[in-house]
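Coordinates from run31.pdb are shown below (PDB, C-alpha atoms).
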```pdb
MODEL        1
ATOM      1  CA  MET K  15     -77.376 -55.779  -2.077  1.00  0.00           C
ATOM      2  CA  PHE K  16     -78.272 -56.763   1.501  1.00  0.00           C
ATOM      3  CA  LYS K  17     -74.589 -57.113   2.317  1.00  0.00           C
ATOM      4  CA  ARG K  18     -74.017 -53.524   1.174  1.00  0.00           C
ATOM      5  CA  LEU K  19     -76.973 -52.230   3.191  1.00  0.00           C
ATOM      6  CA  ARG K  20     -75.688 -54.037   6.273  1.00  0.00           C
ATOM      7  CA  ARG K  21     -72.240 -52.497   5.756  1.00  0.00           C
ATOM      8  CA  ASP K  22     -73.807 -49.030   5.599  1.00  0.00           C
ATOM      9  CA  ILE K  23     -75.464 -49.617   8.983  1.00  0.00           C
ATOM     10  CA  GLU K  24     -72.243 -50.973  10.483  1.00  0.00           C
ATOM     11  CA  ALA K  25     -70.412 -47.830   9.338  1.00  0.00           C
ATOM     12  CA  VAL K  26     -72.729 -45.698  11.472  1.00  0.00           C
ATOM     13  CA  PHE K  27     -71.972 -47.705  14.627  1.00  0.00           C
ATOM     14  CA  GLU K  28     -68.237 -47.712  13.881  1.00  0.00           C
ATOM     15  CA  ARG K  29     -67.988 -43.922  13.529  1.00  0.00           C
ATOM     16  CA  ASP K  30     -70.743 -42.446  15.668  1.00  0.00           C
ATOM     17  CA  PRO K  31     -70.613 -43.237  19.403  1.00  0.00           C
ATOM     18  CA  ALA K  32     -74.090 -41.680  19.777  1.00  0.00           C
ATOM     19  CA  ALA K  33     -75.728 -44.521  17.814  1.00  0.00           C
ATOM     20  CA  ARG K  34     -77.552 -46.806  20.264  1.00  0.00           C
ATOM     21  CA  SER K  35     -79.692 -49.189  18.228  1.00  0.00           C
ATOM     22  CA  VAL K  36     -80.366 -50.314  14.675  1.00  0.00           C
ATOM     23  CA  LEU K  37     -83.895 -48.928  14.893  1.00  0.00           C
ATOM     24  CA  GLU K  38     -82.583 -45.519  15.890  1.00  0.00           C
ATOM     25  CA  VAL K  39     -80.109 -45.560  13.005  1.00  0.00           C
ATOM     26  CA  LEU K  40     -82.817 -46.523  10.521  1.00  0.00           C
ATOM     27  CA  LEU K  41     -85.229 -43.834  11.723  1.00  0.00           C
ATOM     28  CA  CYS K  42     -83.002 -40.928  12.736  1.00  0.00           C
ATOM     29  CA  TYR K  43     -79.913 -40.826  10.509  1.00  0.00           C
ATOM     30  CA  PRO K  44     -80.470 -38.700   7.376  1.00  0.00           C
ATOM     31  CA  GLY K  45     -77.068 -39.616   5.984  1.00  0.00           C
ATOM     32  CA  LEU K  46     -78.002 -43.275   5.843  1.00  0.00           C
ATOM     33  CA  LYS K  47     -81.349 -42.475   4.212  1.00  0.00           C
ATOM     34  CA  ALA K  48     -79.634 -40.269   1.625  1.00  0.00           C
ATOM     35  CA  ILE K  49     -77.151 -43.008   0.719  1.00  0.00           C
ATOM     36  CA  TRP K  50     -79.864 -45.637   0.361  1.00  0.00           C
ATOM     37  CA  ALA K  51     -82.007 -43.328  -1.760  1.00  0.00           C
ATOM     38  CA  HIS K  52     -78.929 -42.657  -3.875  1.00  0.00           C
ATOM     39  CA  ARG K  53     -78.318 -46.355  -4.415  1.00  0.00           C
ATOM     40  CA  VAL K  54     -81.819 -46.669  -5.896  1.00  0.00           C
ATOM     41  CA  ALA K  55     -81.411 -43.494  -7.978  1.00  0.00           C
ATOM     42  CA  HIS K  56     -77.976 -44.577  -9.216  1.00  0.00           C
ATOM     43  CA  TRP K  57     -79.352 -47.977 -10.267  1.00  0.00           C
ATOM     44  CA  LEU K  58     -82.027 -46.202 -12.320  1.00  0.00           C
ATOM     45  CA  TRP K  59     -79.512 -43.705 -13.720  1.00  0.00           C
ATOM     46  CA  GLN K  60     -77.299 -46.496 -15.023  1.00  0.00           C
ATOM     47  CA  ARG K  61     -80.317 -48.008 -16.801  1.00  0.00           C
ATOM     48  CA  ASN K  62     -81.173 -44.711 -18.478  1.00  0.00           C
ATOM     49  CA  PHE K  63     -84.186 -43.884 -16.286  1.00  0.00           C
ATOM     50  CA  LYS K  64     -82.553 -40.531 -15.722  1.00  0.00           C
ATOM     51  CA  LEU K  65     -85.623 -38.412 -15.013  1.00  0.00           C
ATOM     52  CA  LEU K  66     -86.935 -40.857 -12.412  1.00  0.00           C
ATOM     53  CA  ALA K  67     -83.473 -41.030 -10.893  1.00  0.00           C
ATOM     54  CA  ARG K  68     -83.358 -37.234 -10.591  1.00  0.00           C
ATOM     55  CA  VAL K  69     -86.824 -37.155  -9.054  1.00  0.00           C
ATOM     56  CA  ILE K  70     -85.762 -39.651  -6.380  1.00  0.00           C
ATOM     57  CA  SER K  71     -82.606 -37.655  -5.636  1.00  0.00           C
ATOM     58  CA  GLN K  72     -84.647 -34.462  -5.261  1.00  0.00           C
ATOM     59  CA  ILE K  73     -87.133 -36.149  -2.929  1.00  0.00           C
ATOM     60  CA  SER K  74     -84.208 -37.394  -0.865  1.00  0.00           C
ATOM     61  CA  ARG K  75     -82.754 -33.897  -0.838  1.00  0.00           C
ATOM     62  CA  PHE K  76     -86.060 -32.491   0.445  1.00  0.00           C
ATOM     63  CA  PHE K  77     -86.185 -34.873   3.399  1.00  0.00           C
ATOM     64  CA  THR K  78     -82.472 -35.114   4.277  1.00  0.00           C
ATOM     65  CA  GLN K  79     -80.972 -31.791   3.068  1.00  0.00           C
ATOM     66  CA  ILE K  80     -78.280 -33.888   1.386  1.00  0.00           C
ATOM     67  CA  GLU K  81     -77.941 -33.688  -2.388  1.00  0.00           C
ATOM     68  CA  ILE K  82     -76.250 -36.572  -4.170  1.00  0.00           C
ATOM     69  CA  HIS K  83     -76.502 -36.590  -7.936  1.00  0.00           C
ATOM     70  CA  PRO K  84     -77.701 -40.008  -9.142  1.00  0.00           C
ATOM     71  CA  GLY K  85     -74.694 -40.222 -11.470  1.00  0.00           C
ATOM     72  CA  ALA K  86     -72.205 -40.123  -8.578  1.00  0.00           C
ATOM     73  CA  LYS K  87     -70.512 -43.358  -7.520  1.00  0.00           C
ATOM     74  CA  ILE K  88     -70.652 -44.104  -3.795  1.00  0.00           C
ATOM     75  CA  GLY K  89     -68.702 -46.983  -2.269  1.00  0.00           C
ATOM     76  CA  GLU K  90     -69.522 -49.237   0.682  1.00  0.00           C
ATOM     77  CA  GLY K  91     -69.429 -48.139   4.305  1.00  0.00           C
ATOM     78  CA  VAL K  92     -69.741 -44.431   3.498  1.00  0.00           C
ATOM     79  CA  PHE K  93     -70.922 -42.442   6.529  1.00  0.00           C
ATOM     80  CA  ILE K  94     -72.451 -38.966   6.168  1.00  0.00           C
ATOM     81  CA  ASP K  95     -72.598 -37.538   9.687  1.00  0.00           C
ATOM     82  CA  HIS K  96     -75.468 -35.068  10.287  1.00  0.00           C
ATOM     83  CA  GLY K  97     -75.220 -34.284   6.590  1.00  0.00           C
ATOM     84  CA  CYS K  98     -77.062 -30.977   6.271  1.00  0.00           C
ATOM     85  CA  GLY K  99     -75.742 -29.101   3.237  1.00  0.00           C
ATOM     86  CA  VAL K 100     -73.695 -31.944   1.727  1.00  0.00           C
ATOM     87  CA  VAL K 101     -73.519 -31.759  -2.088  1.00  0.00           C
ATOM     88  CA  ILE K 102     -71.967 -34.493  -4.254  1.00  0.00           C
ATOM     89  CA  GLY K 103     -71.743 -33.827  -7.992  1.00  0.00           C
ATOM     90  CA  GLU K 104     -72.579 -36.015 -10.950  1.00  0.00           C
ATOM     91  CA  THR K 105     -69.118 -37.352 -11.793  1.00  0.00           C
ATOM     92  CA  ALA K 106     -67.850 -37.572  -8.216  1.00  0.00           C
ATOM     93  CA  GLU K 107     -66.562 -40.941  -7.011  1.00  0.00           C
ATOM     94  CA  VAL K 108     -66.450 -41.775  -3.312  1.00  0.00           C
ATOM     95  CA  GLY K 109     -64.479 -44.818  -2.171  1.00  0.00           C
ATOM     96  CA  ASN K 110     -65.154 -47.268   0.636  1.00  0.00           C
ATOM     97  CA  ASN K 111     -65.344 -46.325   4.318  1.00  0.00           C
ATOM     98  CA  VAL K 112     -65.308 -42.581   3.655  1.00  0.00           C
ATOM     99  CA  THR K 113     -66.606 -40.219   6.345  1.00  0.00           C
ATOM    100  CA  ILE K 114     -68.257 -36.965   5.259  1.00  0.00           C
ATOM    101  CA  TYR K 115     -69.386 -34.291   7.697  1.00  0.00           C
ATOM    102  CA  GLN K 116     -72.031 -31.607   7.225  1.00  0.00           C
ATOM    103  CA  GLY K 117     -71.612 -28.836   4.673  1.00  0.00           C
ATOM    104  CA  VAL K 118     -69.146 -30.705   2.450  1.00  0.00           C
ATOM    105  CA  THR K 119     -69.142 -30.057  -1.307  1.00  0.00           C
ATOM    106  CA  LEU K 120     -67.644 -32.402  -3.878  1.00  0.00           C
ATOM    107  CA  GLY K 121     -68.074 -30.079  -6.826  1.00  0.00           C
ATOM    108  CA  GLY K 122     -66.743 -28.866 -10.132  1.00  0.00           C
ATOM    109  CA  THR K 123     -65.023 -25.619 -11.080  1.00  0.00           C
ATOM    110  CA  GLY K 124     -66.907 -24.640 -14.236  1.00  0.00           C
ATOM    111  CA  LYS K 125     -69.047 -25.784 -17.131  1.00  0.00           C
ATOM    112  CA  GLU K 126     -66.584 -28.304 -18.536  1.00  0.00           C
ATOM    113  CA  LYS K 127     -67.897 -31.613 -19.855  1.00  0.00           C
ATOM    114  CA  GLY K 128     -66.892 -35.119 -18.828  1.00  0.00           C
ATOM    115  CA  LYS K 129     -65.215 -35.900 -15.505  1.00  0.00           C
ATOM    116  CA  ARG K 130     -65.377 -32.662 -13.555  1.00  0.00           C
ATOM    117  CA  HIS K 131     -65.792 -33.721  -9.929  1.00  0.00           C
ATOM    118  CA  PRO K 132     -63.273 -35.240  -7.509  1.00  0.00           C
ATOM    119  CA  THR K 133     -62.474 -38.862  -6.810  1.00  0.00           C
ATOM    120  CA  ILE K 134     -62.223 -39.654  -3.095  1.00  0.00           C
ATOM    121  CA  GLY K 135     -60.057 -42.623  -2.106  1.00  0.00           C
ATOM    122  CA  ASP K 136     -60.845 -45.226   0.542  1.00  0.00           C
ATOM    123  CA  ASN K 137     -60.882 -44.327   4.262  1.00  0.00           C
ATOM    124  CA  VAL K 138     -60.836 -40.563   3.685  1.00  0.00           C
ATOM    125  CA  VAL K 139     -62.332 -38.207   6.302  1.00  0.00           C
ATOM    126  CA  ILE K 140     -63.713 -34.887   5.028  1.00  0.00           C
ATOM    127  CA  GLY K 141     -64.290 -32.267   7.725  1.00  0.00           C
ATOM    128  CA  THR K 142     -67.215 -29.907   8.181  1.00  0.00           C
ATOM    129  CA  GLY K 143     -67.651 -27.314   5.441  1.00  0.00           C
ATOM    130  CA  ALA K 144     -64.771 -28.550   3.286  1.00  0.00           C
ATOM    131  CA  ARG K 145     -64.902 -27.830  -0.452  1.00  0.00           C
ATOM    132  CA  ILE K 146     -63.195 -30.220  -2.862  1.00  0.00           C
ATOM    133  CA  LEU K 147     -63.547 -28.755  -6.336  1.00  0.00           C
ATOM    134  CA  GLY K 148     -62.325 -30.204  -9.612  1.00  0.00           C
ATOM    135  CA  SER K 149     -61.447 -33.425 -11.369  1.00  0.00           C
ATOM    136  CA  PHE K 150     -58.596 -34.861  -9.304  1.00  0.00           C
ATOM    137  CA  THR K 151     -58.002 -37.557  -6.689  1.00  0.00           C
ATOM    138  CA  VAL K 152     -57.849 -37.314  -2.930  1.00  0.00           C
ATOM    139  CA  GLY K 153     -55.594 -40.202  -1.966  1.00  0.00           C
ATOM    140  CA  ALA K 154     -56.626 -43.011   0.370  1.00  0.00           C
ATOM    141  CA  ASN K 155     -56.427 -42.540   4.149  1.00  0.00           C
ATOM    142  CA  SER K 156     -56.249 -38.751   3.849  1.00  0.00           C
ATOM    143  CA  ARG K 157     -57.872 -36.168   6.116  1.00  0.00           C
ATOM    144  CA  ILE K 158     -59.409 -32.937   4.839  1.00  0.00           C
ATOM    145  CA  GLY K 159     -59.733 -30.325   7.573  1.00  0.00           C
ATOM    146  CA  ALA K 160     -62.913 -28.407   8.345  1.00  0.00           C
ATOM    147  CA  GLY K 161     -63.402 -25.455   6.020  1.00  0.00           C
ATOM    148  CA  ALA K 162     -60.553 -26.436   3.699  1.00  0.00           C
ATOM    149  CA  VAL K 163     -60.833 -25.552   0.005  1.00  0.00           C
ATOM    150  CA  VAL K 164     -59.017 -28.230  -1.992  1.00  0.00           C
ATOM    151  CA  LEU K 165     -58.291 -27.420  -5.631  1.00  0.00           C
ATOM    152  CA  ARG K 166     -55.578 -29.916  -6.541  1.00  0.00           C
ATOM    153  CA  GLU K 167     -54.618 -33.548  -6.076  1.00  0.00           C
ATOM    154  CA  VAL K 168     -53.932 -34.833  -2.578  1.00  0.00           C
ATOM    155  CA  PRO K 169     -51.385 -37.657  -2.092  1.00  0.00           C
ATOM    156  CA  PRO K 170     -52.406 -40.698  -0.030  1.00  0.00           C
ATOM    157  CA  ASN K 171     -52.003 -40.545   3.760  1.00  0.00           C
ATOM    158  CA  SER K 172     -52.097 -36.750   3.847  1.00  0.00           C
ATOM    159  CA  THR K 173     -53.753 -34.104   6.003  1.00  0.00           C
ATOM    160  CA  VAL K 174     -54.946 -30.975   4.229  1.00  0.00           C
ATOM    161  CA  VAL K 175     -56.005 -27.681   5.833  1.00  0.00           C
ATOM    162  CA  GLY K 176     -56.608 -24.085   4.815  1.00  0.00           C
ATOM    163  CA  ASN K 177     -57.834 -22.046   1.861  1.00  0.00           C
ATOM    164  CA  PRO K 178     -56.411 -22.880  -0.563  1.00  0.00           C
ATOM    165  CA  GLY K 179     -55.834 -26.329   0.888  1.00  0.00           C
ATOM    166  CA  ARG K 180     -52.231 -27.334   1.596  1.00  0.00           C
ATOM    167  CA  VAL K 181     -50.749 -30.597   2.812  1.00  0.00           C
ATOM    168  CA  VAL K 182     -49.439 -30.224   6.379  1.00  0.00           C
ATOM    169  CA  VAL K 183     -48.876 -33.907   7.169  1.00  0.00           C
ATOM    170  CA  GLN K 184     -47.925 -36.706   4.793  1.00  0.00           C
ATOM    171  CA  ASN K 185     -47.226 -40.293   5.824  1.00  0.00           C
ATOM    172  CA  GLY K 186     -47.182 -39.186   9.455  1.00  0.00           C
ATOM    173  CA  VAL K 187     -44.526 -36.500   8.920  1.00  0.00           C
ATOM    174  CA  ARG K 188     -45.254 -32.770   9.138  1.00  0.00           C
ATOM    175  CA  THR K 189     -44.442 -30.922   5.929  1.00  0.00           C
ATOM    176  CA  ASP K 190     -44.781 -27.384   7.343  1.00  0.00           C
ATOM    177  CA  GLN K 191     -42.412 -27.467  10.326  1.00  0.00           C
ATOM    178  CA  LEU K 192     -41.647 -24.011  11.696  1.00  0.00           C
ATOM    179  CA  ASP K 193     -38.168 -22.849  12.732  1.00  0.00           C
ATOM    180  CA  MET K 194     -38.970 -21.962  16.342  1.00  0.00           C
ATOM    181  CA  ILE K 195     -35.698 -20.004  16.730  1.00  0.00           C
ATOM    182  CA  HIS K 196     -35.962 -17.875  13.590  1.00  0.00           C
ATOM    183  CA  MET K 197     -39.710 -17.403  13.516  1.00  0.00           C
ATOM    184  CA  PRO K 198     -40.769 -14.135  11.838  1.00  0.00           C
ATOM    185  CA  ASP K 199     -42.004 -11.328  14.104  1.00  0.00           C
ATOM    186  CA  PRO K 200     -44.769  -9.528  12.184  1.00  0.00           C
ATOM    187  CA  ILE K 201     -44.882  -6.596  14.631  1.00  0.00           C
ATOM    188  CA  ALA K 202     -41.135  -6.043  14.449  1.00  0.00           C
ATOM    189  CA  ASN K 203     -41.272  -6.310  10.660  1.00  0.00           C
ATOM    190  CA  MET K 204     -44.042  -3.696  10.573  1.00  0.00           C
ATOM    191  CA  PHE K 205     -42.008  -1.264  12.709  1.00  0.00           C
ATOM    192  CA  ASP K 206     -38.909  -1.839  10.566  1.00  0.00           C
ATOM    193  CA  GLN K 207     -40.915  -0.991   7.464  1.00  0.00           C
ATOM    194  CA  MET K 208     -42.331   2.142   9.117  1.00  0.00           C
ATOM    195  CA  GLN K 209     -38.840   3.228  10.192  1.00  0.00           C
ATOM    196  CA  ARG K 210     -37.531   2.864   6.635  1.00  0.00           C
ATOM    197  CA  GLN K 211     -40.380   5.019   5.350  1.00  0.00           C
ATOM    198  CA  ILE K 212     -39.723   7.639   8.043  1.00  0.00           C
ATOM    199  CA  ASP K 213     -36.019   7.734   7.098  1.00  0.00           C
ATOM    200  CA  LYS K 214     -36.905   8.264   3.432  1.00  0.00           C
ATOM    201  CA  LEU K 215     -39.320  11.068   4.327  1.00  0.00           C
ATOM    202  CA  ALA K 216     -36.708  12.726   6.564  1.00  0.00           C
ATOM    203  CA  GLN K 217     -34.141  12.664   3.744  1.00  0.00           C
ATOM    204  CA  ARG K 218     -36.665  14.141   1.321  1.00  0.00           C
ATOM    205  CA  ILE K 219     -37.618  16.908   3.779  1.00  0.00           C
ATOM    206  CA  GLU K 220     -33.921  17.742   4.296  1.00  0.00           C
ATOM    207  CA  ARG K 221     -33.388  18.048   0.510  1.00  0.00           C
ATOM    208  CA  LEU K 222     -36.468  20.276   0.169  1.00  0.00           C
ATOM    209  CA  GLU K 223     -35.300  22.530   3.010  1.00  0.00           C
ATOM    210  CA  GLU K 224     -31.861  22.864   1.417  1.00  0.00           C
ATOM    211  CA  GLU K 225     -33.446  23.764  -1.917  1.00  0.00           C
ATOM    212  CA  ASN K 226     -35.714  26.261  -0.140  1.00  0.00           C
ATOM    213  CA  ARG K 227     -32.735  27.935   1.573  1.00  0.00           C
ATOM    214  CA  ALA K 228     -30.901  28.197  -1.721  1.00  0.00           C
ATOM    215  CA  LEU K 229     -33.972  29.719  -3.356  1.00  0.00           C
ATOM    216  CA  ARG K 230     -34.290  32.323  -0.570  1.00  0.00           C
ATOM    217  CA  ARG K 231     -30.613  33.293  -0.946  1.00  0.00           C
ATOM    218  CA  LEU K 232     -31.153  33.724  -4.657  1.00  0.00           C
ATOM    219  CA  GLN K 233     -34.214  35.923  -4.109  1.00  0.00           C
ATOM    220  CA  GLU K 234     -32.377  38.086  -1.545  1.00  0.00           C
ATOM    221  CA  GLY K 235     -29.440  38.531  -3.937  1.00  0.00           C
ATOM    222  CA  LEU K 236     -31.714  39.675  -6.734  1.00  0.00           C
ATOM    223  CA  ALA K 237     -33.531  42.062  -4.413  1.00  0.00           C
ATOM    224  CA  HIS K 238     -30.235  43.767  -3.376  1.00  0.00           C
ATOM    225  CA  GLY K 239     -28.926  43.898  -6.937  1.00  0.00           C
ATOM    226  CA  HIS K 240     -25.752  41.944  -6.352  1.00  0.00           C
ATOM    227  CA  PRO K 241     -23.693  42.158  -9.591  1.00  0.00           C
ATOM    228  CA  HIS K 242     -22.778  38.460  -9.602  1.00  0.00           C
ATOM    229  CA  LEU K 243     -26.511  37.561  -9.530  1.00  0.00           C
ATOM    230  CA  GLN K 244     -27.424  39.876 -12.485  1.00  0.00           C
TER
ENDMDL
END
```

Here is the file; what I need is its structure written in the form of structure tokens.
Amino acid sequence: MFKRLRRDIEAVFERDPAARSVLEVLLCYPGLKAIWAHRVAHWLWQRNFKLLARVISQISRFFTQIEIHPGAKIGEGVFIDHGCGVVIGETAEVGNNVTIYQGVTLGGTGKEKGKRHPTIGDNVVIGTGARILGSFTVGANSRIGAGAVVLREVPPNSTVVGNPGRVVVQNGVRTDQLDMIHMPDPIANMFDQMQRQIDKLAQRIERLEEENRALRRLQEGLAHGHPHLQ
């Protein structure tokens, strides 16, 4: 147990250059406090002291603004930086040496039973405000960009950005390379579309004018009593 606690402290120094002393880390880092409170709550949860475990998690939430369900599995060396607004669901699993920034949600997508929260592999970094929702795996050594909404499995060694989240780098190779010569021009495309609509309207107006001229000729013929129009 003491080895695990020591590893949690080491993780802070490894990933936060602002950390200056062990005393400062112990007193001023809510992420560390939330993880330690969770380790106690999880121990109780596994031994069927579920109400007490939930009470401890709620007390921790009150003081740290980080909510970790006591049923979640948290590995060693996990670092929650700042942490405000982090939510980790009951069946979530977080591997070793994972970094989680503020506002992250490891959540579910509905009221399904059983495993309904994500599994985070080792050495993953999850950016500010990211949402990882559902029962799937985020592969080891991956990076989830700030604000990304991830709804499906992420291969190892990947970088994910956007909403919905998409893999833009995998194994060090970009997967969304743009053709810099044939890049689309949205303004030109918009004008082309407008020109096509104008052409269609011009053709329709021309047909209506022709029909109108024919109708006027017909009316004039009837008014003058032309025999071939009787």

Neighbouring residues of segment 101-116 of chain K were defined as those with any atom within 6 Å, considering only C-alpha atoms; residues of the same chain fewer than 6 positions away were excluded. Please report them as a count of residues only.
27

Which residue out of K:Leu215, K:Leu147, K:Ile23, K:Val152 has the minimum interatomic distance to Trp50 of chain K when all atoms listed in the file are used?
K:Ile23

Within 8 Å of Asn185 of chain K, counting only C-alpha atoms, which residues qualify if same-chain residues fewer than 3 places away don't, as number ranges by chain?
K: 170-172

Kindly resolve the PyMOL selection byres ((chain K and resi 54) around 12) on the present coordinates and return the residues as a short mmCIF file (atom, residue, chain, number, x, y, z; two decimals) with C-alpha atoms, keeping the file's coordinate frame.
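Contents of result.cif, freshly written:
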```cif
data_model
loop_
_atom_site.label_atom_id
_atom_site.label_comp_id
_atom_site.auth_asym_id
_atom_site.auth_seq_id
_atom_site.Cartn_x
_atom_site.Cartn_y
_atom_site.Cartn_z
CA MET K 15 -77.38 -55.78 -2.08
CA LEU K 19 -76.97 -52.23 3.19
CA LYS K 47 -81.35 -42.48 4.21
CA ALA K 48 -79.63 -40.27 1.62
CA ILE K 49 -77.15 -43.01 0.72
CA TRP K 50 -79.86 -45.64 0.36
CA ALA K 51 -82.01 -43.33 -1.76
CA HIS K 52 -78.93 -42.66 -3.88
CA ARG K 53 -78.32 -46.36 -4.42
CA ALA K 55 -81.41 -43.49 -7.98
CA HIS K 56 -77.98 -44.58 -9.22
CA TRP K 57 -79.35 -47.98 -10.27
CA LEU K 58 -82.03 -46.20 -12.32
CA TRP K 59 -79.51 -43.70 -13.72
CA GLN K 60 -77.30 -46.50 -15.02
CA ARG K 61 -80.32 -48.01 -16.80
CA PHE K 63 -84.19 -43.88 -16.29
CA LYS K 64 -82.55 -40.53 -15.72
CA LEU K 66 -86.94 -40.86 -12.41
CA ALA K 67 -83.47 -41.03 -10.89
CA ARG K 68 -83.36 -37.23 -10.59
CA VAL K 69 -86.82 -37.16 -9.05
CA ILE K 70 -85.76 -39.65 -6.38
CA SER K 71 -82.61 -37.66 -5.64
CA SER K 74 -84.21 -37.39 -0.86
CA ILE K 82 -76.25 -36.57 -4.17
CA HIS K 83 -76.50 -36.59 -7.94
CA PRO K 84 -77.70 -40.01 -9.14
CA GLY K 85 -74.69 -40.22 -11.47
CA ALA K 86 -72.20 -40.12 -8.58
CA LYS K 87 -70.51 -43.36 -7.52
CA ILE K 88 -70.65 -44.10 -3.80
#
```

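Between atom CA of Arg227 of chain K and atom CA of Gln209 of chain K the separation is 26.9 Å.
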
Dump as a JSON list (two decimals) with C-alpha atoms, in the coordinates of the input all residues having an atom at most 9 Å from (-70.2, -25.3, -3.3), computed in the file's coordinates with all atoms listed in the file.
```json
[["chain", "number", "residue", "atom", "x", "y", "z"],
["K", 101, "VAL", "CA", -73.52, -31.76, -2.09],
["K", 117, "GLY", "CA", -71.61, -28.84, 4.67],
["K", 118, "VAL", "CA", -69.15, -30.70, 2.45],
["K", 119, "THR", "CA", -69.14, -30.06, -1.31],
["K", 120, "LEU", "CA", -67.64, -32.40, -3.88],
["K", 121, "GLY", "CA", -68.07, -30.08, -6.83],
["K", 122, "GLY", "CA", -66.74, -28.87, -10.13],
["K", 145, "ARG", "CA", -64.90, -27.83, -0.45],
["K", 146, "ILE", "CA", -63.20, -30.22, -2.86],
["K", 147, "LEU", "CA", -63.55, -28.76, -6.34]]
```

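Atom CA of Arg130 of chain K to atom CA of Val26 of chain K spans 29.2 Å [interatomic distance, one decimal].
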
Between atom CA of Thr173 of chain K and atom CA of Gly153 of chain K, what is the spacing in Å?
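Atom-to-atom, atom CA of Gly153 of chain K and atom CA of Thr173 of chain K are spaced 10.2 Å apart.
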
So which residues touch Val183 of chain K within 8 Å, counting all atoms listed in the file, skipping near sequence neighbours fewer than 3 positions away, as a JSON list (two decimals) with C-alpha atoms, in the coordinates of the input?
```json
[["chain", "number", "residue", "atom", "x", "y", "z"],
["K", 172, "SER", "CA", -52.10, -36.75, 3.85],
["K", 173, "THR", "CA", -53.75, -34.10, 6.00],
["K", 174, "VAL", "CA", -54.95, -30.98, 4.23],
["K", 186, "GLY", "CA", -47.18, -39.19, 9.46],
["K", 187, "VAL", "CA", -44.53, -36.50, 8.92],
["K", 188, "ARG", "CA", -45.25, -32.77, 9.14],
["K", 189, "THR", "CA", -44.44, -30.92, 5.93],
["K", 190, "ASP", "CA", -44.78, -27.38, 7.34]]
```

Selected residue of minimal separation from Gly148 of chain K among K:Pro169, K:Gly124, K:Gly45, K:Gly99, counting only C-alpha atoms
K:Gly124

Counting all atoms listed in the file, which residue out of K:Arg230, K:Lys125, K:Arg75, K:Arg20 sits closest to Val36 of chain K?
K:Arg20

Pick from K:Val39, K:Arg157, K:Lys214, K:Thr78 nearest to Glu24 of chain K, counting only C-alpha atoms
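Selected residue with least distance to Glu24 of chain K: K:Val39.
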
From the options K:Glu126, K:Glu225, K:Asp30, K:Asp213, which residue's atoms come nearest to His96 of chain K, counting all atoms listed in the file?
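Among the listed residues, the smallest separation from His96 of chain K belongs to K:Asp30.
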